[in-house]
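The structure under discussion appears below in the form of structure tokens.
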Amino acid sequence: MSHSNHHLYEPEPTMIAFRSSMLCVPALAVAALAACSRDATFVEPTPPLAAIHWVHAVPDTMQEDMRIVDIVSNAGLYDADFRGANMFYQGIEVGSRHVRIFNSSTDPAIAQQVMKDTAIDFAVTDSVTFIHMGFARTGSTPARQVRLFTDKAADPAGTNIGFRAIHAGAGMANLDVNLIRHRADTLTLPATPLIANLTYGAASTYVTVAADAAAADSLRVVVTAAGTTAPILANVALPAGEAGDVTKNPIAGARVARSVMTAVLVPRSVAGSTAPQTAAFTTASAVILVDRRPPNTMP
């Protein structure tokens, strides 16, 4: 799979134009000005890029900034609350990148606090998911760590979509994961889950399922404790996506064949911590990432 087929980061070239005008100049200057009358332009070259998802999955801490500090780069995740992420890939310059995770605050003393300092080698063919996960509070288990998952999702082909789950749910036991087409009927889980007994810190292999064929269909990620069908711990809809045509390229989703997505399973926020405490954060959930776009449809 080529790099251009699996992420949406396409830096646009930069053009800088310089214009000059003179009201009264000597003849030699006029000649020189005429020779340079066309706007000077410079097209900034695009460096070789890998592709990265960033995910903040630490459930007991404040906003975070994930930054590249060895070079000037657009890559990173900023002012991200717990469960913050970039759904679509971001370009990151290849080579050895020095990554730091900081607390995000308007107070300089807090903003300078480094949560993690690491170096990662990126090749132009890489597509990865970078997750800061675990508990930040001293003595809590599992302790926070950075995990890097290799993606490289294959084309599910035909009228299918691809799907994978990553267990980043600190404090949660092994999990079963299903994709259920949720209509008005009662939600029923199969006896054999789509992804079984997923352990903390692990990623499943990619599986293939039929794309949603009708507007009434809505594939949902349904999570339970391993070996059980109740209670349901998380029930999160995949994005529907949007089909492409001759005027626009498709947006990946459950109703768009040849899309591939990952559900990063995350826990509830820790009560009383600086993580968000609204109702949505009082139960487990999933952060959805797009690992492969369907083919372009524009000419």
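Lettering and numbering for the structure tokens are positional, with chains as A, B, ... in the shown order, residues counted from 1 in each chain, and ligands counted from 1 in the shown order.
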
Residue list (strand (DSSP E or B), DSSP) for region 52-116 of chain A, as a ChimeraX atom specification: /A:52-57,64-68,76-80,85,90-93,95-103,114-116

Show me, as CSV, the residues of region 235-263 of chain A having an atom within 10 Å of region 83-97 of chain A, each with the closest atom pair and its distance in Å, using only C-alpha atoms.
residue,atom,partner,partner_atom,distance
A:Ala252,CA,A:Phe88,CA,9.5
A:Met261,CA,A:Met87,CA,9.3
A:Thr262,CA,A:Met87,CA,9.5

Would you mind exporting N, CA and C atoms of the selected residues as a PDB file, in the first residue's frame?
ATOM      1  N   ALA A 252     -14.409   8.211   4.231  1.00  0.00           N
ATOM      2  CA  ALA A 252     -14.494   6.851   4.766  1.00  0.00           C
ATOM      3  C   ALA A 252     -15.579   6.728   5.827  1.00  0.00           C
ATOM      4  N   MET A 261     -11.370   1.149   9.391  1.00  0.00           N
ATOM      5  CA  MET A 261     -11.385   1.944  10.619  1.00  0.00           C
ATOM      6  C   MET A 261     -10.884   1.140  11.809  1.00  0.00           C
ATOM      7  N   THR A 262     -10.355   1.862  12.795  1.00  0.00           N
ATOM      8  CA  THR A 262      -9.950   1.279  14.075  1.00  0.00           C
ATOM      9  C   THR A 262     -10.781   1.898  15.188  1.00  0.00           C
TER      10      THR A 262
END

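Rounded to one decimal, CA of Thr247 (chain A) and CA of Ala215 (chain A) lie 22.0 Å from each other.
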
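With distances restricted to only C-alpha atoms, A:Ala168 is the closest residue to Arg268 (chain A) from A:Ala230, A:Ala214, A:Ala168, A:Val72.
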
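Between CA of Lys116 (chain A) and CA of Asn174 (chain A) the interatomic distance comes to 26.4 Å.
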